[in-house]
Structure formats: structure tokens, C-alpha cells
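Participant: Before we start, here is the structure in question, set down as C-alpha cells.
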Amino acid sequence: MSHLKAMASRALQLALVLWAVVTILFLMFRLMPGNPMAAYIDPTFTVEQQEALMAQFGLDKPLWEQYLIYLGNLLQGELGQSFRYREPVAERLMTLLPNTLILTFSSLIVAYTFGILAGAYLAWRRGSVVENTAIPLVLTTRAMPEFWLGMVLLAVFSFWLGWFPAGGTRPAGASYDSLWALYTSREFLSYLALPALTLAIYSQGLPLLLMRSNMLDVMKEDFVTMARIKGLSNWSVVVRHAARNALLPVMTSFAIAVGYQLQGNVVVESVFSWPGLGRELVNAVSASDYPLAQGAFLMIAVVVILMNLIADLLYSLLDPRISHA
Amino acid sequence: MLDTTLPRPGFVARFFRSLRLPLNDPFAVAGLAIYAIFILTAIFADAIAPYDPTEILYTPNYDLAADLRPGEDGFILGTTSLGRDIFSQIVYGTRSALLIGLTAAFMVALIGSIVGLVSGYFGGWVDALLMRLADVAFGIPFLPFVIVLAAFLEPSIWNVVIAMALVLWRDTGRVIRSQVLTLRSRSYVDAARVSGSSDFKIILRHIAPNILPLSFLYGSIAIGWAILTEASISFLGFGDPQSISWGYMLQDAFASQALAKQAYYWFVPPGVCIILVVSAGFFITRGYENLLFPKLGR
Amino acid sequence: MTETLLSVRDLKVSYQVGKGSIDAVDGASFDVPRGSIVGLVGESGCGKTTVARALTRVIADNASITGGQILFDGQDIAALPEREMNALRWRDIAFIPQSAMNSLDPVYTVEYQLNEVLRRRGGLGRRQARARCEELFEMVGIEAGRLGDYPHQFSGGMRQRVAIALALALNPKLVIADEPVTALDVIVQRQILDQLRELQSMLGISVILVTHDISVVAYVCDRTVVMYAGRIAEAGPMDAVLMEPSHPYTMGLRNAFPDLKGAASGVLTPIEGAPPNLAFPPPGCRFAPRCPFAVETCTTQQPALGMVAPDHRVSCHRADEAAKLRQEAARTETWLADA
């Protein structure tokens with residue numbers, strides 16, 4: 001099947017991109033002004049610890065050899081030790097990743113559900129007063145700084161009305177039997193609500209505008225006219241045929257949006273003290289915890305690139321013209 | 001060498017005509033008006049702002065003028081927790097916002113256009129190399145990249161601009177490239193080539209003028225991006241400590257418990273300003289798109 | 001039950017364009033007898049597709065039926081409330097579109113699209129629908145194993161067969177085929193037309209075949225309606241109209257097309273000029289500006305649709321001189337610009 005081959009070459013291409021990003025990351029952290037040693041070795045470590053790390057990361061070797069060691073370590077999932085937390089970067093990031101993914105997916109699912117429905121509705125009401133006021137409004141939500149929207153929601157719903165907690169993922173001192181118990185608890189949802197809403201309000205614009213313009217195009221297609229000539233119900237015409245076709249590129253954009261959202265999370269997680277990858281990256285950079293910053297950056301990059309691949313896969317799965325070639 | 005190949009007089013007029021400003025779209029006109037107001041504010045900031053934005057102010061009773069509400073003691077929008085005039089900060093913030101927005105947009109449009117031109121016109125391995133570079137730029141998480149660069153290099157608005165330009169040229173570059181590919185196959189370009197014009201001359205005379213509106217379109221998208229990004233960077237504390245920007249104001253407000261104090265007068269105005277400038281850019285962009293690609297619009 | 005299934009009476013369809021309106025169909029009248037294939041022929045833009053779509057009452061957003069009657073089985077469907085009209089669609093009046101590629105939904109299998117009609121519009125159960133799908137595919141000569149395929153997996157000719165199967169699904173009384181073979185190559189065109197003819201006579205249905213190609217009409221139709229610039233130029237039994245055309249436009253059309261059966265019969269001569277802009281139609285006969293036989297009256301007075309032989313109507317001021325004009329029309333020089 002030729003589309004399998006196409007997918008394989010796309011995956012290979014993205015692997016090359018990932019390699020390039022990893023290399024840029026290496027150069028960024030090694031060639032920074034200041035002592036390159038500092039990138040890996042905490043000055044407060046004992047001499048033995050420092051020497052052990054020097055050997056592990058080959059910091060006494062020439063740059064190209066360091067690069068090979070760096071690649072080798074990455075392949076084994078070895079991201080080094082965090083200065084601040086004195087624990088392996090990989091382990092620490094893995095405990096934060098679920099928080100970020102939950103925030104990202106819950107906000108995007110809300111945003112896409114709303115955006116798709118509203119976009120289809122606005123296409124249907126094309127030229128109406130509703131549409132003419134809604135579109136500039138949607139553009140305005142795209143113009144908002146996400147963190148500012150978060151601040152306003154926080155000031156209103158948390159500090160003024162007191163409906164939601166101001167930050168974090170759980171009440172102070174609360175403990176749960178398992179991560180599952182935490183993520184399904186009511187408290188967790190109340191902590192999740194505001195950051196997720198913030199991201200959702202920002203993100204709904206893309207699916208909304210995309211769905212609307214796709215619907216407008218699809219409604220002009222012959223098969224939609226034929227559906228009417230067949231005497232199918234309005235619902236069948238608009239939903240089964242027009243919306244189903246218009247949805248294809250919107251669903252693909254979901255994966256891209258996940259990758260994009262992960263970057264936007266950096267600020268929103270900071271506003272809501274949400275313990276995720278983005279906030280960790282900011283804190284690590286501020287505290288010059290280089291291994292942790294590098295690891296967080298890398299993890300975000302991997303997800304972004306992976307989501308690009310998933311977008312392609314999704315498209316070829318959802319479009320029979322590709323999956324049944 | 002350069003002055004022999006530069007277009008003849010009338011270039012300025014031609015330039016503005018080829019920009020084709022969307023003046024018949026009310027939203028685009030509103031966007032242009034908003035821009036005009038902010039540009040004037042930035043130019044005359046010294047005259048408009050009653051105080052130095054970083055000056056610590058005192059009330060007539062020699063108390064620190066901290067956390068004053070709008071109108072109190074004559075402070076239009078009140079003061080910050082450190083006794084600085086919020087209105088003056090807003091006015092001066094216009095400068096850094098526009099400076100960042102316009103320079104970043106210019107760099108993005110310039111790099112993107114050059115890459116697109118070279119890639120599309122020459123093709124071959126140059127094209128392959130540049131497009132793989134664009135793929136890599138698409139793989140770099142934008143905001144984290146800017147944060148890391150801004151934090152490692154000296155904190156200054158130029159480093160933020162450079163970091164943004166290093167990533168954001170990718171969209172412009174790809175679009176311009178495909179535009180150049182279609183232009184290159186037009187008959188008048190062939191005619192110029194057959195008649196012995198140099199590549200440089202063909203690009204400058206026949207291709208560059210035709211991609212100018214697209215460069216401008218993507219440049220105007222980048223203005224909004226740059227302003228939003230700068231705000232995020234400053235909010236996270238990686239901005240230029242020397243310049244007052246709206247993002248810096250929001251960080252200051254956030255760190256000073258303005259949310260808990262319900263000091264909306266402090267953190268709402270900078271956000272509204274950002275929204276105004278960025279959405280003005282969107283409206284101009286949209287007017288442009290309808291003008292350049294009429295079938296996309298209504 | 002009368003002999004006539006469909007009778008279009010003085011139909012007018014207008015498009016709203018800006019502040020003005022264009023009468024794309026301006027007083028078209030013709031009949032479709034039961035069990036016959038009627039060819040609706042004319043150049044692109046003459047209003048034939050608009051007529052075809054008006055019969056289904058699914059027309060462009062800016063178009064509306066502004067006058068006349070569409071008597072289907074004695075009932076004026078132009079005046080029918082939308083609900084009742086919708087009940088009629090596909091059960092009684094089905095449609096074969098020009099490009100089956102674009103008119104089949106790309107994201108559903110062919111079986112899904114057949115089922116949609118059979119179950120939602122025909123009220124069939126799952127098992128009945130499956131049996132009917134297989135039956136329909138057998139009728140149009142595609143193996144039932146391909147029911148689960150998507151539209152893009154079929155060839156152009158096969159897709160057109162699928163479109164025919166789809167049209168026949170609910171045993172309609174009338175099938176409107178809008179340029180059903182235009183996009184296909186000549187050999188496939190013949191196969192599809194043969195099949196259409198065969199199924200039509202087997203099922204005893206009526207077909208309106210819209211085409212710009214007079215050889216398609218000659219190949220398959222019983223009757224012909226020639227349209228020009230939103231009006232009927234000539235209508236009658238196919239043989240009468242094509243063998244003894246009485247309208248100069250029909251004479252010209254005959255010269256301009258090769259024979260579907262094979263080699264061109266003589267030299268092909270195009271009609272010079274272009275159809276009039278319908279926003280500003282000429283005051284007299286609409287063909288007059290291009291007509292080599294136009295006289296004074298033609299440019300000032302609209303000709304009426306008159307009878308030249310039993311069942312053969314023509315809209316021409318010089319219809320009584322038709323025999324003489326036919327001889328002149330056979331010569332190529334007549335059609336070369338004398339101006």
C-alpha cells in the first residue's frame with residue numbers, strides 16, 4: 001500500500017527533524033555564555049560527585065565527543081540530574097507530564113466541541129447579524145494573551161466569587177491513594193476548571209474558524225446538492241454530508257493544536273501554579289537548573305513533533321480517499 | 001552595483017500601490033485607525049505621560065503613592081504597589097509593544113521572503129535544504145525556545161526579537177516559495193530570462209513586486225504574534241528589565257497580589273491594550289486576505 | 001392516467017444577481033410522455049440544466065421559479081408545499097448528475113449511500129435494503145462485491161453506473177439525467193447510454209436527458225426539445241426534429257456535431273457568435289443575431305411556439321419556409337460570417 005510508504009517516509013522525515021532539534025538544543029546549552037561545565041554540574045556537589053558526572057557526560061572531552069555521549073544518553077532516556085531536586089530529570093518530568101496532558105486534552109476537547117458546533121452554526125447562519133458579530137469576537141479571543149485571560153478569570157471566579165481555588169492541583173495536605181483517585185476527585189476538577197477554561201477560550205477560535213470556512217466550501221459541493229435532491233432531511237444533508245466532510249481537516253488540526261497548546265501551557269501553568277511541564281521549564285530556566293530545563297524543552301519538542309505525525313496519521317485514517325487508495 | 005539595478009523613480013508610489021491597503025473593509029479600517037492611535041501615542045509618549053513610568057511617586061502628604069485607585073490624588077488609572085503611575089506605564093508600554101511588534105514582523109517578513117524567493121526561484125538542493133530547515137523550525141516549540149534564548153542571552157528586547165525571527169520565518173518562507181513557484185512559470189519571466197536578464201534582475205523586477213503583498217500579509221500576522229510573545233516572556237520574568245512593557249506590568253501586578261486585591265484598574269488596561277493592537281492586526285490581515293484571495297471570503 | 005407524465009407549462013426561472021434579475025428560463029413549455037426518453041439539448045448557458053434542476057425544486061440560493069406550472073402526474077409540483085415536494089423527491093423524480101465523482105460523497109461507501117436512500121427515503125429494512133443493493137448493482141452490471149468500496153475506487157464509467165443505480169433505487173417514475181455521459185470517453189458513453197436505454201424500457205420509466213451533444217440525443221432519445229437562450233426553439237419526435245429541423249438553430253446544431261455512431265457525417269460547421277447575454281436579451285427572436293436567415297421581423301418580434309407538423313412545434317417566424325432553409329443550411333458557406 002502506497003500510503004503506508006508515504007507514512008513511513010513522513011515518520012523518517014520527522015525523526016530527522018527531531019534529531020535536528022536535539023542537536024540545536026545541545027548547541028544552545030553548550031555554547032551559552034558562561035561556564036559550559038555549569039550546564040551539567042552543580043557547584044555544590046562534592047568533588048567525587050563532580051568527577052563522576054564529568055565522566056558520565058564527558059565534559060572533559062572535545063565537543064564532538066560530548067555530542068555523541070549526549071546522543072547516547074538521550075537514546076537511553078538519560079536526561080541527567082536536576083540540580084534543585086537532586087533527582088533524575090526523566091523521573092521528575094514523567095510525574096509532571098500527566099498534569100500537562102490532562103490540562104491540554106481537557107481544554108482542547110471543550111474547545112473543539114464548542115468550536116466545531118459553533119463554526120457549523122455560523123456557516124449555516126452566514127451573513128446574519130449573529131455571524132457578523134461573532135466572527136470579530138472570535139478573532140478578539142485569539143488576540144488575548146492567554147495568561148491575562150487566566151488572570152482575569154482568577155480575579156473574578158477565585159478571588160472575588162470564591163467559586164474555584166486559586167492554583168495548584170489539590171488542597172494543601174490532601175493525599176490520595178493513587179493518581180487515578182486524584183484525577184477523578186471532585187477537588188481536582190475544581191482546580192482544573194479555571195486553567196482549562198482559560199486555554200479552552202483561547203483555543204476554540206481555530207476549530208471554529210476552520211469549521212466555518214470548511215462548511216461554507218462543502219455546502220457548495222455537488223454531493224450536498226444531490227443529498228437535497230434525494231429528499232434527505234435537512235439534518236442528514238447538513239450533518240451527515242456537509243459537516244462530516246468539513247470535519248476532516250478540523251480533526252487533523254486537533255493533533256497540531258495539542259502540540260501548539262503545550263507551548264501555550266508554559267504561561268497558563270505559571271499563572272495557575274499548575275505543576276506541569278511548562279511551569280517546570282520556566283522554573284528551571286529561572287533557577288539555572290540546566291538539565292531540568294533541557295529535559296523539559298526536549299519533552300515538549302518530542303510531543304510537538306509526535307503530534308505532527310499523528311495529525312498526518314489521523315488524516316489518512318479519516319479520509320477514505322487516502323486510507324482506501 | 002546596487003544602484004544600477006534598483007527600480008526607477010516612482011518606486012515609493014509603486015511600493016504603496018502594490019501593498020494594496022484594504023480600505024473598503026470597515027474592520028480593516030478600524031484596525032488601521034487603532035494602529036494610528038497607538039503609533040501616535042508611542043511617538044508622543046513623553047508629552048502624554050504625566051510621570052516617568054519607573055518613578056516612585058508620593059502623595060501630597062509625602063506618603064508613598066502605593067495602590068491608589070483610579071482618580072485618587074489625580075492618578076488617572078491609579079498606581080502600582082510600588083507607587084508608580086499606571087497610566088504612564090501604559091503609555092510607555094505602547095513604545096516597546098510597537099517596537100517589538102514592528103521589528104519582529106519586519107525581520108520575519110524579510111527572512112521569510114528571502115528564503116521563499118531563493119528557495120522557489122533557484123530550486124534544486126538550495127530549495128531542499130531551506131525547506132528542511134523550515135521543517136526543523138516547525139519542530140521547535142516556539143515559546144520555550146524564546147524563553148530559553150531570552151534567559152541565556154542578555155535580557156533585552158532585541159534578543160526576544162531575534163529568537164522570534166529565528167522560528168517564525170517558516171510560515172512566510174513556505175507561502176512565498178509556493179507563490180514564487182507559480183510566478184516563475186509565467187511567460188513574462190520566461191521572456192525576461194530568454195532576453196538575457198540576470199537572475200538578480202528578474203527576481204527584483206518581476207518576482208519581488210508580486211510577492212510584496214504576501215510578505216506584508218504575513219508580516220502583519222507576525223506583529224500580533226510578536227506582541228503576544230513579548231508579553232508572555234515579560235510576564236514570566238525574562239523580559240528586558242530596562243523597558244516598561246505591558247507584559248512587564250502584568251507580571252508586576254500578578255506578583256504584587258493585584259488579583260487578590262481586586263485591582264482590576266491595574267491588570268485590565270494592559271491586557272485590553274494588547275488585545276486592541278493584536279486584533280487590529282488581525283482585522284487588517286483579514287481585510288488583506290479578502291483582497292488578495294477574494295474566494296476565501298464572503 | 002394520461003399518456004403524459006410531465007407537462008411543463010410556460011416555466012420561468014430567474015436568478016437574482018446584484019439588484020437585478022436574469023430570466024435563465026423564460027417561458028419553457030414541453031411534455032414528457034410516459035415511457036419515453038426526452039432529450040433536452042442546447043448550448044451551455046441556454047437554461048437546460050436550470051430547467052432540469054427546477055423540476056426537482058432544488059435550485060441555487062439566488063434562483064427562484066417565478067412563473068408557469070410543472071404538471072407531474074397531473075399535479076402542479078411548482079406550487080407544492082416544500083414538505084410534499086420533498087416526499088416526492090427521489091421516490092418519483094430521481095436525478096443522475098453530470099459528474100458522479102463530485103456528486104457521490106467521498107467519505108461514505110457506495111453501499112452506505114444506496115442504503116441512505118433505500119432506508120431513509122424508501123423505508124426498507126436492513127436485509128431488504130441489502131438485497132435491493134445487490135439487485136441494483138446487478139442491473140447496472142457491477143459485481144455486488146464492490147458495494148463496500150468508496151466512490152474514488154471506481155472508474156469514471158463505473159461511477160456513472162453507480163449514479164444510475166442510485167437513481168433507480170426507489171423505482172421513480174421520472175429520471176432526470178443531467179449530462180450523464182459528458183465527462184466520459186466515447187466508447188464508455190455508448191455503453192452507459194445503451195444501459196440507460198435498456199433499463200428505461202425494461203422498467204418503463206421516463207427519462208429527461210439533458211445534453212449539449214445532439215449526437216447523444218440522436219443515439220438514444222425518442223423526443224427532442226431544443227433550447228436556446230432560455231426559450232424552447234423546437235420540440236417534437238426525435239426523428240422529425242433532427243431529420244427535418246424547422247428551426248435554423250437546430251439546423252446549425254446538426255452541422256456542429258459528429259455522429260456518436262462513428263465518423264463525422266460531412267464537415268463540421270460551428271455556429272458563429274455566442275448566445276446573448278440574458279441580462280439584456282434581444283427584443284425579437286433570441287437567435288436572430290446569429291441566424292443566417294434572419295429578416296426584419298425576427299429582430300423586432302418574438303416568435304411564438306407554433307405547430308409545423310402534428311406533435312412538432314417550432315418557434316420561428318420563417319417556419320413555413322423550413323424546407324428551403326434546410327437546403328441552404330446544409331451548405332457550409334451559409335454559416336460563415338457574411339458580415
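Lettering and numbering for the C-alpha cells are positional, with chains as A, B, ... in the shown order, residues counted from 1 in each chain, and ligands counted from 1 in the shown order.
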Report as number ranges by chain the set of chain B residues whose atoms approach chain A to within 6 Å, with distances computed over only C-alpha atoms.

Facilitator: B: 136, 139, 141, 143, 228, 259-260, 275, 278-279

Participant: List as a tab-separated table every residue of chain A that is in contact with chain C, defined as an atom at most 6 Å from one of its atoms (using only C-alpha atoms), together with the nearest atom pair and the distance in Å rounded to one decimal, sorted by chain and then rising number.

Facilitator:
residue	atom	partner	partner_atom	distance
A:Asp222	CA	C:Ser103	CA	4.7
A:Phe223	CA	C:Ser103	CA	3.8
A:Lys230	CA	C:Trp90	CA	5.1
A:Gly231	CA	C:Asn86	CA	5.1
A:Pro320	CA	C:Val107	CA	5.8

Participant: Kindly save the residues from that selection, with N, CA and C atoms included, as a compact mmCIF listing (two decimals), in the first residue's frame.

Facilitator:
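Full text of out_18.txt as output:
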# COMPACT_ATOMS: atom_id res chain seq x y z
N ASP A 222 -21.21 19.35 -5.04
CA ASP A 222 -22.31 18.68 -5.72
C ASP A 222 -23.00 17.64 -4.83
N PHE A 223 -22.21 16.94 -4.00
CA PHE A 223 -22.86 15.86 -3.26
C PHE A 223 -23.82 16.38 -2.20
N LYS A 230 -32.09 14.20 -3.29
CA LYS A 230 -32.54 12.88 -2.82
C LYS A 230 -33.67 13.01 -1.82
N GLY A 231 -33.96 14.23 -1.39
CA GLY A 231 -35.05 14.44 -0.44
C GLY A 231 -34.67 14.06 0.98
N PRO A 320 -11.13 8.39 3.51
CA PRO A 320 -11.06 7.13 2.77
C PRO A 320 -10.34 7.27 1.44

Participant: Would you mind reading off the distance between atom CA of A:Met211 and atom CA of A:Val250, one decimal, in Å?

Facilitator: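 Answer for the atom CA of A:Met211 to atom CA of A:Val250 separation: 6.3 Å.
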
Participant: Please give the complete set of residues from stretch 103-271 of chain A that DSSP, run on the backbone, assigns to helix (DSSP H, G or I), formatted as a ChimeraX atom specification.

Facilitator: /A:103-124,129-142,146-160,179-183,186-203,205-218,222-229,234-271

Participant: Any chance you could export the current selection's C-alpha atoms as a short mmCIF file (atom, residue, chain, number, x, y, z; two decimals), in the first residue's frame?

Facilitator:
data_model
loop_
_atom_site.label_atom_id
_atom_site.label_comp_id
_atom_site.auth_asym_id
_atom_site.auth_seq_id
_atom_site.Cartn_x
_atom_site.Cartn_y
_atom_site.Cartn_z
CA LEU A 103 -4.90 20.11 31.21
CA THR A 104 -4.16 20.16 27.49
CA PHE A 105 -6.63 17.49 26.47
CA SER A 106 -9.49 18.59 28.69
CA SER A 107 -9.24 22.17 27.45
CA LEU A 108 -8.90 21.13 23.81
CA ILE A 109 -11.82 18.72 23.96
CA VAL A 110 -14.01 21.52 25.32
CA ALA A 111 -12.60 23.97 22.76
CA TYR A 112 -13.10 21.62 19.81
CA THR A 113 -16.59 20.54 20.82
CA PHE A 114 -17.65 24.14 21.12
CA GLY A 115 -15.67 25.35 18.11
CA ILE A 116 -16.98 22.67 15.75
CA LEU A 117 -20.62 23.21 16.74
CA ALA A 118 -20.38 26.99 16.71
CA GLY A 119 -18.42 27.00 13.44
CA ALA A 120 -21.02 24.83 11.73
CA TYR A 121 -23.79 27.01 13.13
CA LEU A 122 -22.13 30.22 11.91
CA ALA A 123 -21.64 28.72 8.45
CA TRP A 124 -25.32 27.91 8.40
CA VAL A 129 -26.20 39.55 12.38
CA VAL A 130 -25.10 36.69 14.64
CA GLU A 131 -22.32 35.77 12.27
CA ASN A 132 -21.23 39.33 11.67
CA THR A 133 -20.77 39.98 15.38
CA ALA A 134 -19.45 36.54 16.29
CA ILE A 135 -16.52 36.47 13.89
CA PRO A 136 -14.82 39.68 15.13
CA LEU A 137 -15.48 38.45 18.67
CA VAL A 138 -13.75 35.17 17.96
CA LEU A 139 -10.81 36.99 16.40
CA THR A 140 -10.60 39.04 19.58
CA THR A 141 -10.29 35.91 21.73
CA ARG A 142 -7.36 34.93 19.51
CA GLU A 146 -3.68 33.56 27.48
CA PHE A 147 -2.10 34.39 30.80
CA TRP A 148 -4.04 37.66 31.02
CA LEU A 149 -7.31 35.83 30.41
CA GLY A 150 -6.23 33.48 33.19
CA MET A 151 -5.55 36.41 35.50
CA VAL A 152 -8.98 37.93 34.86
CA LEU A 153 -10.77 34.61 35.42
CA LEU A 154 -8.72 34.06 38.56
CA ALA A 155 -9.51 37.53 39.91
CA VAL A 156 -13.22 37.14 39.24
CA PHE A 157 -14.04 33.48 39.90
CA SER A 158 -11.49 32.70 42.53
CA PHE A 159 -10.61 35.85 44.48
CA TRP A 160 -13.93 37.65 44.15
CA LEU A 179 -3.03 9.16 40.85
CA TRP A 180 -6.30 7.81 39.49
CA ALA A 181 -8.06 8.71 42.73
CA LEU A 182 -6.61 12.22 42.50
CA TYR A 183 -7.58 12.78 38.87
CA ARG A 186 -14.11 16.49 42.71
CA GLU A 187 -11.43 18.73 44.20
CA PHE A 188 -9.15 18.05 41.27
CA LEU A 189 -11.88 19.08 38.86
CA SER A 190 -12.40 22.35 40.68
CA TYR A 191 -8.66 23.02 40.43
CA LEU A 192 -8.68 22.05 36.76
CA ALA A 193 -11.70 24.19 35.84
CA LEU A 194 -10.15 27.66 35.55
CA PRO A 195 -6.89 26.83 33.75
CA ALA A 196 -8.76 24.52 31.39
CA LEU A 197 -11.39 27.18 30.73
CA THR A 198 -8.67 29.75 30.03
CA LEU A 199 -6.99 27.53 27.49
CA ALA A 200 -10.33 26.47 26.01
CA ILE A 201 -11.48 30.06 25.43
CA TYR A 202 -8.22 30.77 23.69
CA SER A 203 -8.23 27.57 21.64
CA GLY A 205 -11.10 30.08 17.72
CA LEU A 206 -9.07 27.78 15.48
CA PRO A 207 -11.60 24.92 15.17
CA LEU A 208 -14.43 27.43 14.95
CA LEU A 209 -12.98 29.42 12.07
CA LEU A 210 -11.72 26.30 10.32
CA MET A 211 -15.05 24.51 10.64
CA ARG A 212 -16.94 27.54 9.41
CA SER A 213 -14.87 28.08 6.29
CA ASN A 214 -14.82 24.34 5.51
CA MET A 215 -18.58 24.14 5.89
CA LEU A 216 -19.01 27.08 3.53
CA ASP A 217 -16.87 25.29 0.95
CA VAL A 218 -18.50 21.90 1.38
CA ASP A 222 -22.31 18.68 -5.72
CA PHE A 223 -22.86 15.86 -3.26
CA VAL A 224 -24.57 18.22 -0.85
CA THR A 225 -26.90 19.40 -3.60
CA MET A 226 -27.51 15.77 -4.52
CA ALA A 227 -28.39 14.97 -0.91
CA ARG A 228 -31.10 17.62 -1.16
CA ILE A 229 -32.34 16.29 -4.49
CA ASN A 234 -32.08 18.85 6.46
CA TRP A 235 -30.27 17.17 9.35
CA SER A 236 -28.92 14.46 7.06
CA VAL A 237 -27.79 16.98 4.48
CA VAL A 238 -26.08 19.32 6.90
CA VAL A 239 -24.71 16.88 9.45
CA ARG A 240 -24.18 13.56 7.69
CA HIS A 241 -22.82 15.01 4.49
CA ALA A 242 -21.66 18.62 4.87
CA ALA A 243 -20.38 18.53 8.44
CA ARG A 244 -18.85 15.08 8.13
CA ASN A 245 -16.72 16.27 5.22
CA ALA A 246 -15.93 19.65 6.72
CA LEU A 247 -14.80 17.92 9.92
CA LEU A 248 -11.85 16.12 8.33
CA PRO A 249 -9.29 18.94 8.39
CA VAL A 250 -10.61 20.14 11.75
CA MET A 251 -9.91 16.77 13.35
CA THR A 252 -6.43 16.81 11.87
CA SER A 253 -5.84 20.23 13.35
CA PHE A 254 -6.62 18.78 16.79
CA ALA A 255 -3.28 16.99 16.88
CA ILE A 256 -1.45 20.11 15.73
CA ALA A 257 -3.30 22.07 18.40
CA VAL A 258 -2.14 19.65 21.11
CA GLY A 259 1.45 20.38 20.15
CA TYR A 260 0.74 24.07 20.00
CA GLN A 261 -1.19 24.11 23.26
CA LEU A 262 1.74 22.53 25.05
CA GLN A 263 3.73 25.67 24.31
CA GLY A 264 0.93 27.96 25.43
CA ASN A 265 0.71 25.94 28.64
CA VAL A 266 4.02 27.42 29.68
CA VAL A 267 2.38 30.69 30.72
CA VAL A 268 -1.02 29.42 31.85
CA GLU A 269 0.53 26.77 34.08
CA SER A 270 2.60 29.53 35.66
CA VAL A 271 -0.50 31.68 36.34
#

Participant: Give me, as a list in words, all polymer residues having an atom no more than 9 Å from B:Gly219, counting only C-alpha atoms and skipping those fewer than 3 positions away in the same chain.

Facilitator: Leu102, Ala104, Ala105, Phe106, Met107, Val108, Ala109, Leu110, Thr172, Leu214, Ser215, Phe216, Ala222 and Ile223 of chain B

Participant: Residues of the last selection are to be written out with N, CA and C atoms, as a PDB file, in the first residue's frame.

Facilitator:
ATOM      1  N   LEU B 102       6.806  45.628  15.416  1.00  0.00           N
ATOM      2  CA  LEU B 102       7.189  46.026  14.068  1.00  0.00           C
ATOM      3  C   LEU B 102       8.543  45.459  13.663  1.00  0.00           C
ATOM      4  N   ALA B 104      10.038  42.752  14.868  1.00  0.00           N
ATOM      5  CA  ALA B 104       9.932  41.300  14.685  1.00  0.00           C
ATOM      6  C   ALA B 104       9.211  40.997  13.384  1.00  0.00           C
ATOM      7  N   ALA B 105       8.118  41.736  13.123  1.00  0.00           N
ATOM      8  CA  ALA B 105       7.368  41.489  11.899  1.00  0.00           C
ATOM      9  C   ALA B 105       8.237  41.765  10.682  1.00  0.00           C
ATOM     10  N   PHE B 106       9.022  42.830  10.748  1.00  0.00           N
ATOM     11  CA  PHE B 106       9.884  43.169   9.621  1.00  0.00           C
ATOM     12  C   PHE B 106      10.902  42.059   9.388  1.00  0.00           C
ATOM     13  N   MET B 107      11.507  41.579  10.487  1.00  0.00           N
ATOM     14  CA  MET B 107      12.516  40.532  10.330  1.00  0.00           C
ATOM     15  C   MET B 107      11.902  39.243   9.817  1.00  0.00           C
ATOM     16  N   VAL B 108      10.724  38.896  10.370  1.00  0.00           N
ATOM     17  CA  VAL B 108      10.061  37.671   9.926  1.00  0.00           C
ATOM     18  C   VAL B 108       9.735  37.763   8.439  1.00  0.00           C
ATOM     19  N   ALA B 109       9.171  38.914   8.036  1.00  0.00           N
ATOM     20  CA  ALA B 109       8.791  39.073   6.635  1.00  0.00           C
ATOM     21  C   ALA B 109      10.028  39.076   5.748  1.00  0.00           C
ATOM     22  N   LEU B 110      11.091  39.721   6.213  1.00  0.00           N
ATOM     23  CA  LEU B 110      12.308  39.820   5.408  1.00  0.00           C
ATOM     24  C   LEU B 110      12.962  38.449   5.235  1.00  0.00           C
ATOM     25  N   THR B 172       6.024  32.194   6.563  1.00  0.00           N
ATOM     26  CA  THR B 172       6.193  33.140   5.461  1.00  0.00           C
ATOM     27  C   THR B 172       7.012  32.506   4.347  1.00  0.00           C
ATOM     28  N   LEU B 214       1.963  39.570  -0.174  1.00  0.00           N
ATOM     29  CA  LEU B 214       2.000  38.379   0.681  1.00  0.00           C
ATOM     30  C   LEU B 214       2.963  38.582   1.846  1.00  0.00           C
ATOM     31  N   SER B 215       4.129  39.156   1.572  1.00  0.00           N
ATOM     32  CA  SER B 215       5.088  39.423   2.646  1.00  0.00           C
ATOM     33  C   SER B 215       4.451  40.337   3.681  1.00  0.00           C
ATOM     34  N   PHE B 216       3.749  41.332   3.177  1.00  0.00           N
ATOM     35  CA  PHE B 216       3.108  42.285   4.079  1.00  0.00           C
ATOM     36  C   PHE B 216       2.042  41.601   4.909  1.00  0.00           C
ATOM     37  N   ALA B 222       2.601  38.510  11.909  1.00  0.00           N
ATOM     38  CA  ALA B 222       3.706  38.371  12.859  1.00  0.00           C
ATOM     39  C   ALA B 222       3.716  39.475  13.910  1.00  0.00           C
ATOM     40  N   ILE B 223       3.176  40.666  13.574  1.00  0.00           N
ATOM     41  CA  ILE B 223       3.138  41.748  14.568  1.00  0.00           C
ATOM     42  C   ILE B 223       2.396  41.274  15.813  1.00  0.00           C
TER      43      ILE B 223
END

Participant: Could you tell me how far atom CA of B:Ala33 sits from atom CA of B:Phe282, in Å to one decimal place?

Facilitator: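 Spanning atom CA of B:Phe282 to atom CA of B:Ala33 is a straight-line distance of 13.1 Å.
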
Participant: So that I can see what lies close to B:Ser119, please list as an MDAnalysis selection string the residues with an atom at most 8 Å from it, counting only C-alpha atoms and leaving out residues fewer than 6 positions away in the same chain.

Facilitator: chainID B and resid 126:128 130:131 177

Participant: Counting only C-alpha atoms, what is within 6 Å of stretch 199-214 of chain C, bar same-chain residues fewer than 4 positions away, as an MDAnalysis selection string?

Facilitator: chainID C and resid 34:43 173:179
